Amino acid sequence: MGGVTRTIDWDTDAIVIVDQCALPAEYRLLRLRTVDELIGAIQRLAVRGAPALGAAGALGVALSARTRGTATEAIRADAERLATARPTAANLRWGVERALAALPGGADAVLAEAQAMLTEDERVNRIASRHAADLLLELCARRPLRLLTHCNTGRLAAVDWGTALGVVWHLHAAGQVEYVLADETRPLLQGARLTAWELAEAGVPYRLLPDSAAAAALARGLVDCAVVGADRIAANGDVANKIGTYGLALAAARHGVPFIVVAPSSTVDTTLADGSAIVIEERAATEITHVAGTAVAPEGAAVFNPAFDVTPVELITAVVTEHGVFAGNRG
Ligand code: MRU
């Protein structure tokens with residue numbers, strides 16, 4: 001598997017992913033040779049984050065087309081199972097459908113399309129995060145900047161580079177980041193396990209905080225700007241993102257701190273007028289009742305475990321894609 005540096009890629013006859021369930025203890029690559037293996041990896045979050053899910057959907061269709069040959073109906077059934085493996089991130093179905101559109105050209109055409117999408121992912125996210133970095137420098141007077149983020153939006157959430165953390169990479173390269181406050185992101189700790197790992201790897205000063213401390217950090221004046229990614233953006237600019245994002249946006253608005261969302265335009269779902277119809281994934285109770293396999297709640301405890309929430313556009317300073325500011329309260 002030498003030479004694989006992307007979070008998700010194609011190698012000879014398999015999809016290769018960085019196993020995000022193993023981080024930060026171990027940096028391990030997994031080879032996925034069947035659609036069922038890929039769906040399992042998506043559902044246990046071994047591959048996750050909206051842009052990476054788009055790539056996974058496209059490569060999954062390529063894998064199916066190679067293994068099923070001319071059995072078009074079976075490929076379409078695989079595609080539907082992939083597209084519904086997780087419901088909230090718009091990119092998953094987008095990636096599946098874009099790869100599927102190449103099917104009349106045969107399996108090689110599907111793989112070529114999927115590979116083109118992987119290259120495009122990095123390019124587009126670099127541009128979107130450049131636009132957002134420029135906006136932050138315009139909105140915030142203090143130098144260097146003190147940023148707060150939620151969940152993981154770096155290269156691990158995409159094919160490479162990332163979205164909200166992509167903003168950090170641009171600003172850090174320009175010497176404009178004092179520190180990043182990274183929400184740990186309950187319950188699956190994408191902030192602690194993945195964002196902190198990426199920030200450390202990049203040499204960006206950071207502090208990890210429990211999600212419940214974010215409002216206090218804003219109140220104490222420790223943050224110049226909050227910057228997050230998105231899983232689905234409605235036509236009016238309402239944003240579904242990792243659970244806790246809405247509370248963060250409320251607190252940022254209360255303290256007059258800009259709240260910026262960065263995503264590729266493939267995350268925008270123009271079929272939805274607003275965020276009210278976004279399907280929110282509900283995950284297993286054990287993610288709340290257990291920590292690292294140990295029960296932390298009484299047996300049989302009832303649980304509310306939505307993986308995402310919706311932040312209304314009026315709480316968002318700007319939603320930024322590769323095309324620039326898409327929506328928000330700016331100006
Ligand atoms: O459940 P996850 O880890 O897939 O959720 C990921 C997020 O909510 C990210 O913030 C979002 O996908 C943007 S990733 C660039």
# chains A, B, ... in the order shown; residues from 1 in each chain; ligands from 1
>>> residues_around(residues="Leu222 (chain A)", least_positions_apart="6", cutoff="12 Å", atoms="only C-alpha atoms", output="PyMOL selection string")
chain A and resi 142+145-148+178-181+207+213-216+252+255+257
>>> residues_near_ligand(ligand="ligand 1", cutoff="7 Å", atoms="only C-alpha atoms and all ligand atoms", output="MDAnalysis selection string")
chainID A and resid 45 48:51 89 150:154 157:158 162:164 190 228:231 241:242 263 307:308
>>> residues_around(residues="Leu53 (chain A)", least_positions_apart="4", cutoff="10 Å", atoms="only C-alpha atoms", output="PDB file with N, CA and C atoms, in the first residue's frame")
ATOM      1  N   ILE A   8      -8.659   8.799   1.672  1.00  0.00           N
ATOM      2  CA  ILE A   8      -9.341   7.746   0.924  1.00  0.00           C
ATOM      3  C   ILE A   8      -8.815   7.772  -0.499  1.00  0.00           C
ATOM      4  N   ILE A  42     -18.190   3.006   6.560  1.00  0.00           N
ATOM      5  CA  ILE A  42     -18.916   4.287   6.622  1.00  0.00           C
ATOM      6  C   ILE A  42     -19.750   4.338   7.901  1.00  0.00           C
ATOM      7  N   LEU A  45     -17.857   4.828  11.088  1.00  0.00           N
ATOM      8  CA  LEU A  45     -17.089   6.082  10.993  1.00  0.00           C
ATOM      9  C   LEU A  45     -15.580   5.859  10.821  1.00  0.00           C
ATOM     10  N   VAL A  47     -14.436   5.805   7.910  1.00  0.00           N
ATOM     11  CA  VAL A  47     -14.306   6.910   6.951  1.00  0.00           C
ATOM     12  C   VAL A  47     -15.520   7.798   7.188  1.00  0.00           C
ATOM     13  N   ARG A  48     -15.281   9.109   7.334  1.00  0.00           N
ATOM     14  CA  ARG A  48     -16.344  10.013   7.773  1.00  0.00           C
ATOM     15  C   ARG A  48     -15.994  11.432   7.361  1.00  0.00           C
ATOM     16  N   GLY A  49     -16.947  12.366   7.618  1.00  0.00           N
ATOM     17  CA  GLY A  49     -16.747  13.738   7.164  1.00  0.00           C
ATOM     18  C   GLY A  49     -17.366  13.855   5.772  1.00  0.00           C
ATOM     19  N   GLY A  57     -18.570   7.366  -1.643  1.00  0.00           N
ATOM     20  CA  GLY A  57     -19.717   6.986  -2.467  1.00  0.00           C
ATOM     21  C   GLY A  57     -19.292   6.727  -3.908  1.00  0.00           C
ATOM     22  N   ALA A  58     -18.478   7.634  -4.459  1.00  0.00           N
ATOM     23  CA  ALA A  58     -18.041   7.494  -5.850  1.00  0.00           C
ATOM     24  C   ALA A  58     -17.161   6.256  -6.030  1.00  0.00           C
ATOM     25  N   LEU A  59     -16.193   6.066  -5.133  1.00  0.00           N
ATOM     26  CA  LEU A  59     -15.307   4.895  -5.251  1.00  0.00           C
ATOM     27  C   LEU A  59     -16.089   3.596  -5.012  1.00  0.00           C
ATOM     28  N   LEU A  82     -25.269   2.280  -0.797  1.00  0.00           N
ATOM     29  CA  LEU A  82     -24.200   3.217  -0.415  1.00  0.00           C
ATOM     30  C   LEU A  82     -24.770   4.596  -0.094  1.00  0.00           C
ATOM     31  N   ALA A  83     -25.660   5.069  -0.952  1.00  0.00           N
ATOM     32  CA  ALA A  83     -26.183   6.436  -0.801  1.00  0.00           C
ATOM     33  C   ALA A  83     -26.961   6.597   0.501  1.00  0.00           C
ATOM     34  N   ALA A  85     -26.290   4.787   3.330  1.00  0.00           N
ATOM     35  CA  ALA A  85     -25.529   4.237   4.470  1.00  0.00           C
ATOM     36  C   ALA A  85     -25.516   5.214   5.642  1.00  0.00           C
ATOM     37  N   ARG A  86     -25.454   6.506   5.337  1.00  0.00           N
ATOM     38  CA  ARG A  86     -25.639   7.556   6.355  1.00  0.00           C
ATOM     39  C   ARG A  86     -26.513   8.629   5.696  1.00  0.00           C
ATOM     40  N   ALA A  89     -25.126  13.680   5.502  1.00  0.00           N
ATOM     41  CA  ALA A  89     -24.154  14.350   4.625  1.00  0.00           C
ATOM     42  C   ALA A  89     -24.615  14.289   3.166  1.00  0.00           C
ATOM     43  N   ALA A  90     -24.831  15.457   2.564  1.00  0.00           N
ATOM     44  CA  ALA A  90     -25.311  15.535   1.177  1.00  0.00           C
ATOM     45  C   ALA A  90     -24.320  14.901   0.213  1.00  0.00           C
ATOM     46  N   ASN A  91     -23.040  14.971   0.540  1.00  0.00           N
ATOM     47  CA  ASN A  91     -21.990  14.546  -0.390  1.00  0.00           C
ATOM     48  C   ASN A  91     -22.040  13.063  -0.714  1.00  0.00           C
ATOM     49  N   LEU A  92     -22.566  12.249   0.204  1.00  0.00           N
ATOM     50  CA  LEU A  92     -22.546  10.801  -0.036  1.00  0.00           C
ATOM     51  C   LEU A  92     -23.388  10.460  -1.262  1.00  0.00           C
ATOM     52  N   ARG A  93     -24.656  10.876  -1.287  1.00  0.00           N
ATOM     53  CA  ARG A  93     -25.484  10.593  -2.467  1.00  0.00           C
ATOM     54  C   ARG A  93     -24.943  11.337  -3.691  1.00  0.00           C
ATOM     55  N   TRP A  94     -24.456  12.538  -3.490  1.00  0.00           N
ATOM     56  CA  TRP A  94     -23.889  13.312  -4.613  1.00  0.00           C
ATOM     57  C   TRP A  94     -22.758  12.523  -5.278  1.00  0.00           C
ATOM     58  N   GLY A  95     -21.869  11.959  -4.463  1.00  0.00           N
ATOM     59  CA  GLY A  95     -20.738  11.195  -4.995  1.00  0.00           C
ATOM     60  C   GLY A  95     -21.207   9.938  -5.710  1.00  0.00           C
ATOM     61  N   VAL A  96     -22.174   9.254  -5.115  1.00  0.00           N
ATOM     62  CA  VAL A  96     -22.714   8.030  -5.718  1.00  0.00           C
ATOM     63  C   VAL A  96     -23.335   8.356  -7.081  1.00  0.00           C
ATOM     64  N   ALA A 157     -11.308  14.435   7.113  1.00  0.00           N
ATOM     65  CA  ALA A 157     -12.727  14.542   6.787  1.00  0.00           C
ATOM     66  C   ALA A 157     -12.950  14.701   5.284  1.00  0.00           C
ATOM     67  N   ALA A 158     -11.858  14.750   4.543  1.00  0.00           N
ATOM     68  CA  ALA A 158     -11.939  14.974   3.099  1.00  0.00           C
ATOM     69  C   ALA A 158     -10.968  13.990   2.423  1.00  0.00           C
ATOM     70  N   VAL A 159     -10.681  14.212   1.164  1.00  0.00           N
ATOM     71  CA  VAL A 159      -9.654  13.375   0.517  1.00  0.00           C
ATOM     72  C   VAL A 159      -8.279  13.859   0.967  1.00  0.00           C
ATOM     73  N   ASP A 231     -22.464  19.343   6.865  1.00  0.00           N
ATOM     74  CA  ASP A 231     -22.861  18.061   6.270  1.00  0.00           C
ATOM     75  C   ASP A 231     -23.931  18.220   5.198  1.00  0.00           C
TER      76      ASP A 231
END
>>> closest_residue(among="A:Glu113, A:Glu26, A:Glu80, A:Glu184", to="Pro210 (chain A)", atoms="only C-alpha atoms")
A:Glu184
>>> residues_around(residues="Thr271 (chain A)", least_positions_apart="6", cutoff="10 Å", atoms="only C-alpha atoms", output="VMD selection string")
chain A and resid 234 to 235 277
>>> write_last_selection(atoms="N, CA, C and O atoms", output="compact mmCIF listing (two decimals), in the first residue's frame")
# COMPACT_ATOMS: atom_id res chain seq x y z
N ALA A 234 -28.94 23.83 3.28
CA ALA A 234 -30.18 24.05 2.53
C ALA A 234 -30.05 25.29 1.65
O ALA A 234 -29.13 26.09 1.81
N ALA A 235 -31.01 25.44 0.72
CA ALA A 235 -30.94 26.55 -0.25
C ALA A 235 -30.89 27.92 0.43
O ALA A 235 -30.29 28.85 -0.10
N ALA A 277 -36.22 20.21 6.75
CA ALA A 277 -36.45 18.87 6.19
C ALA A 277 -35.17 18.03 6.15
O ALA A 277 -35.18 16.91 5.63
>>> closest_residue(among="A:Gly54, A:Gly60, A:Gly221, A:Pro205", to="Val16 (chain A)", atoms="only C-alpha atoms")
A:Gly60
>>> residues_around(residues="Leu189 (chain A)", least_positions_apart="4", cutoff="12 Å", atoms="only C-alpha atoms", output="PyMOL selection string")
chain A and resi 20-21+23-24+45+150-152+182-185+193-197+208-211+242-244+287-288+291-292+307
>>> write_last_selection(atoms="N, CA and C atoms", output="CSV table (one decimal), in the first residue's frame")
chain,number,residue,atom,x,y,z
A,20,GLN,N,-10.2,5.7,10.7
A,20,GLN,CA,-10.3,6.8,11.7
A,20,GLN,C,-10.8,6.3,13.0
A,21,CYS,N,-11.2,5.0,13.1
A,21,CYS,CA,-11.5,4.4,14.4
A,21,CYS,C,-10.2,4.1,15.2
A,23,LEU,N,-7.4,5.9,15.1
A,23,LEU,CA,-6.6,7.2,15.6
A,23,LEU,C,-7.2,7.7,16.9
A,24,PRO,N,-6.3,8.3,17.7
A,24,PRO,CA,-5.0,8.7,17.5
A,24,PRO,C,-3.9,7.6,17.9
A,45,LEU,N,-17.9,4.8,11.1
A,45,LEU,CA,-17.1,6.1,11.0
A,45,LEU,C,-15.6,5.9,10.8
A,150,HIS,N,-15.2,22.9,15.8
A,150,HIS,CA,-16.0,21.8,16.3
A,150,HIS,C,-15.9,20.6,15.3
A,151,CYS,N,-15.9,19.4,15.9
A,151,CYS,CA,-15.8,18.2,15.1
A,151,CYS,C,-14.4,18.1,14.4
A,152,ASN,N,-14.3,17.3,13.3
A,152,ASN,CA,-13.1,17.3,12.5
A,152,ASN,C,-13.4,17.6,11.1
A,182,ALA,N,-10.1,23.5,20.1
A,182,ALA,CA,-10.8,22.3,19.4
A,182,ALA,C,-11.8,21.7,20.4
A,183,ASP,N,-13.1,21.8,20.1
A,183,ASP,CA,-14.1,21.1,20.9
A,183,ASP,C,-13.8,19.6,20.8
A,184,GLU,N,-13.9,18.9,21.9
A,184,GLU,CA,-13.7,17.5,21.9
A,184,GLU,C,-14.7,16.7,21.0
A,185,THR,N,-15.9,17.3,20.9
A,185,THR,CA,-17.0,16.7,20.1
A,185,THR,C,-17.5,15.4,20.5
A,193,ARG,N,-9.9,13.0,19.1
A,193,ARG,CA,-9.1,12.0,18.5
A,193,ARG,C,-8.5,12.4,17.1
A,194,LEU,N,-9.2,13.3,16.4
A,194,LEU,CA,-8.8,13.5,15.0
A,194,LEU,C,-8.3,15.0,14.8
A,195,THR,N,-9.1,16.0,15.3
A,195,THR,CA,-8.6,17.4,15.1
A,195,THR,C,-7.4,17.7,15.8
A,196,ALA,N,-7.3,17.2,17.1
A,196,ALA,CA,-6.1,17.5,17.9
A,196,ALA,C,-4.9,16.8,17.2
A,197,TRP,N,-5.1,15.6,16.7
A,197,TRP,CA,-4.1,14.8,16.0
A,197,TRP,C,-3.6,15.6,14.8
A,208,LEU,N,-7.5,21.6,23.7
A,208,LEU,CA,-8.7,20.8,23.5
A,208,LEU,C,-9.7,21.2,24.7
A,209,LEU,N,-11.0,21.3,24.4
A,209,LEU,CA,-11.9,21.7,25.4
A,209,LEU,C,-13.1,20.8,25.3
A,210,PRO,N,-13.8,20.5,26.5
A,210,PRO,CA,-15.1,19.9,26.4
A,210,PRO,C,-16.1,20.8,25.6
A,211,ASP,N,-17.0,20.2,24.9
A,211,ASP,CA,-18.0,21.0,24.2
A,211,ASP,C,-18.7,22.0,25.1
A,242,LYS,N,-22.2,18.6,12.7
A,242,LYS,CA,-22.1,17.8,13.9
A,242,LYS,C,-22.8,18.3,15.1
A,243,ILE,N,-23.5,17.4,15.9
A,243,ILE,CA,-24.2,17.8,17.1
A,243,ILE,C,-23.4,18.7,18.0
A,244,GLY,N,-24.0,19.8,18.4
A,244,GLY,CA,-23.2,20.8,19.2
A,244,GLY,C,-22.9,22.1,18.4
A,287,GLU,N,-23.3,4.7,22.3
A,287,GLU,CA,-22.4,5.8,22.1
A,287,GLU,C,-22.4,6.8,23.3
A,288,ILE,N,-23.6,6.8,24.0
A,288,ILE,CA,-23.8,7.7,25.1
A,288,ILE,C,-23.7,6.9,26.4
A,291,VAL,N,-18.4,4.4,27.6
A,291,VAL,CA,-17.2,5.1,27.1
A,291,VAL,C,-16.1,4.1,27.1
A,292,ALA,N,-15.5,3.9,25.9
A,292,ALA,CA,-14.5,2.9,25.6
A,292,ALA,C,-14.9,1.5,26.2
A,307,ALA,N,-26.8,12.7,15.6
A,307,ALA,CA,-25.4,12.9,15.3
A,307,ALA,C,-25.2,14.3,14.8
>>> atom_distance(atom1="CA of Phe326 (chain A)", atom2="CA of Asn236 (chain A)")
9.2 Å
>>> closest_residue(among="A:Ile15, A:Ala65, A:Leu139, A:Ala55", to="Ala116 (chain A)", atoms="only C-alpha atoms")
A:Ala55
>>> atom_distance(atom1="CA of Leu136 (chain A)", atom2="CA of Asn329 (chain A)")
14.2 Å
>>> atom_distance(atom1="CA of Asp134 (chain A)", atom2="CA of Ala226 (chain A)")
14.4 Å
>>> select_by_dssp(residues="region 113-270 of chain A", states="alpha helix (DSSP H)", output="VMD selection string")
chain A and resid 113 to 139 164 to 173 190 196 to 202 214 to 219 245 to 254
>>> residues_around(residues="Ile280 (chain A)", least_positions_apart="5", cutoff="9 Å", atoms="only C-alpha atoms", output="ChimeraX atom specification")
/A:87-88,240,306-310
>>> write_last_selection(atoms="C-alpha atoms", output="PDB file, in the first residue's frame")
ATOM      1  CA  PRO A  87     -28.479  10.009   5.747  1.00  0.00           C
ATOM      2  CA  THR A  88     -27.285  13.506   6.652  1.00  0.00           C
ATOM      3  CA  ALA A 240     -26.615  20.724   9.311  1.00  0.00           C
ATOM      4  CA  PRO A 306     -28.721  12.776  17.174  1.00  0.00           C
ATOM      5  CA  ALA A 307     -25.428  12.886  15.253  1.00  0.00           C
ATOM      6  CA  PHE A 308     -26.142  16.344  13.790  1.00  0.00           C
ATOM      7  CA  ASP A 309     -28.126  19.509  14.413  1.00  0.00           C
ATOM      8  CA  VAL A 310     -29.300  22.362  12.206  1.00  0.00           C
TER       9      VAL A 310
END
>>> select_by_dssp(residues="region 100-260 of chain A", states="strand (DSSP E)", output="list in words")
Leu145, Arg146, Leu147, Leu148, Thr149, Val177, Glu178, Tyr179, Val180, Leu181, Ala182, Asp183, Tyr206, Arg207, Leu208, Leu209, Cys225, Ala226, Val227, Val228, Arg232, Ile233, Ala234, Val239, Ala240, Asn241, Lys242, Phe259 and Ile260 of chain A
>>> residues_around(residues="Trp10 (chain A)", least_positions_apart="3", cutoff="10 Å", atoms="only C-alpha atoms", output="VMD selection string")
chain A and resid 4 6 13 to 17 31 to 32 56 59 62 to 63 111 114 to 115 118
>>> decode(residues="region 184-197 of chain A", atoms="N, CA, C and O atoms", output="mmCIF file, in the first residue's frame")
data_model
loop_
_atom_site.group_PDB
_atom_site.id
_atom_site.type_symbol
_atom_site.label_atom_id
_atom_site.label_comp_id
_atom_site.auth_asym_id
_atom_site.auth_seq_id
_atom_site.Cartn_x
_atom_site.Cartn_y
_atom_site.Cartn_z
ATOM 1 N N GLU A 184 -13.925 18.898 21.915
ATOM 2 C CA GLU A 184 -13.663 17.452 21.867
ATOM 3 C C GLU A 184 -14.694 16.721 20.995
ATOM 4 O O GLU A 184 -14.398 15.724 20.370
ATOM 5 N N THR A 185 -15.933 17.261 20.939
ATOM 6 C CA THR A 185 -16.989 16.743 20.069
ATOM 7 C C THR A 185 -17.541 15.404 20.537
ATOM 8 O O THR A 185 -17.235 14.335 19.982
ATOM 9 N N ARG A 186 -18.339 15.496 21.580
ATOM 10 C CA ARG A 186 -19.058 14.338 22.092
ATOM 11 C C ARG A 186 -20.105 13.893 21.070
ATOM 12 O O ARG A 186 -20.615 14.737 20.333
ATOM 13 N N PRO A 187 -20.472 12.619 20.996
ATOM 14 C CA PRO A 187 -19.951 11.557 21.851
ATOM 15 C C PRO A 187 -18.763 10.789 21.265
ATOM 16 O O PRO A 187 -18.104 10.057 21.993
ATOM 17 N N LEU A 188 -18.473 10.947 19.966
ATOM 18 C CA LEU A 188 -17.446 10.080 19.373
ATOM 19 C C LEU A 188 -16.075 10.734 19.271
ATOM 20 O O LEU A 188 -15.142 10.162 18.730
ATOM 21 N N LEU A 189 -15.979 11.959 19.811
ATOM 22 C CA LEU A 189 -14.676 12.588 20.037
ATOM 23 C C LEU A 189 -13.848 12.828 18.770
ATOM 24 O O LEU A 189 -12.620 12.714 18.787
ATOM 25 N N GLN A 190 -14.532 13.215 17.695
ATOM 26 C CA GLN A 190 -13.772 13.526 16.472
ATOM 27 C C GLN A 190 -12.809 14.688 16.707
ATOM 28 O O GLN A 190 -11.763 14.775 16.064
ATOM 29 N N GLY A 191 -13.181 15.604 17.606
ATOM 30 C CA GLY A 191 -12.288 16.739 17.902
ATOM 31 C C GLY A 191 -11.052 16.295 18.654
ATOM 32 O O GLY A 191 -9.922 16.683 18.326
ATOM 33 N N ALA A 192 -11.265 15.462 19.683
ATOM 34 C CA ALA A 192 -10.134 14.997 20.506
ATOM 35 C C ALA A 192 -9.266 14.004 19.737
ATOM 36 O O ALA A 192 -8.037 14.108 19.725
ATOM 37 N N ARG A 193 -9.905 13.039 19.080
ATOM 38 C CA ARG A 193 -9.130 11.961 18.458
ATOM 39 C C ARG A 193 -8.496 12.397 17.138
ATOM 40 O O ARG A 193 -7.391 11.964 16.801
ATOM 41 N N LEU A 194 -9.218 13.252 16.382
ATOM 42 C CA LEU A 194 -8.790 13.522 15.005
ATOM 43 C C LEU A 194 -8.291 14.963 14.794
ATOM 44 O O LEU A 194 -7.222 15.175 14.225
ATOM 45 N N THR A 195 -9.066 15.958 15.276
ATOM 46 C CA THR A 195 -8.642 17.351 15.065
ATOM 47 C C THR A 195 -7.362 17.651 15.849
ATOM 48 O O THR A 195 -6.425 18.256 15.304
ATOM 49 N N ALA A 196 -7.333 17.225 17.099
ATOM 50 C CA ALA A 196 -6.118 17.474 17.893
ATOM 51 C C ALA A 196 -4.918 16.779 17.242
ATOM 52 O O ALA A 196 -3.810 17.332 17.196
ATOM 53 N N TRP A 197 -5.135 15.592 16.719
ATOM 54 C CA TRP A 197 -4.061 14.841 16.048
ATOM 55 C C TRP A 197 -3.573 15.595 14.811
ATOM 56 O O TRP A 197 -2.361 15.752 14.589
#
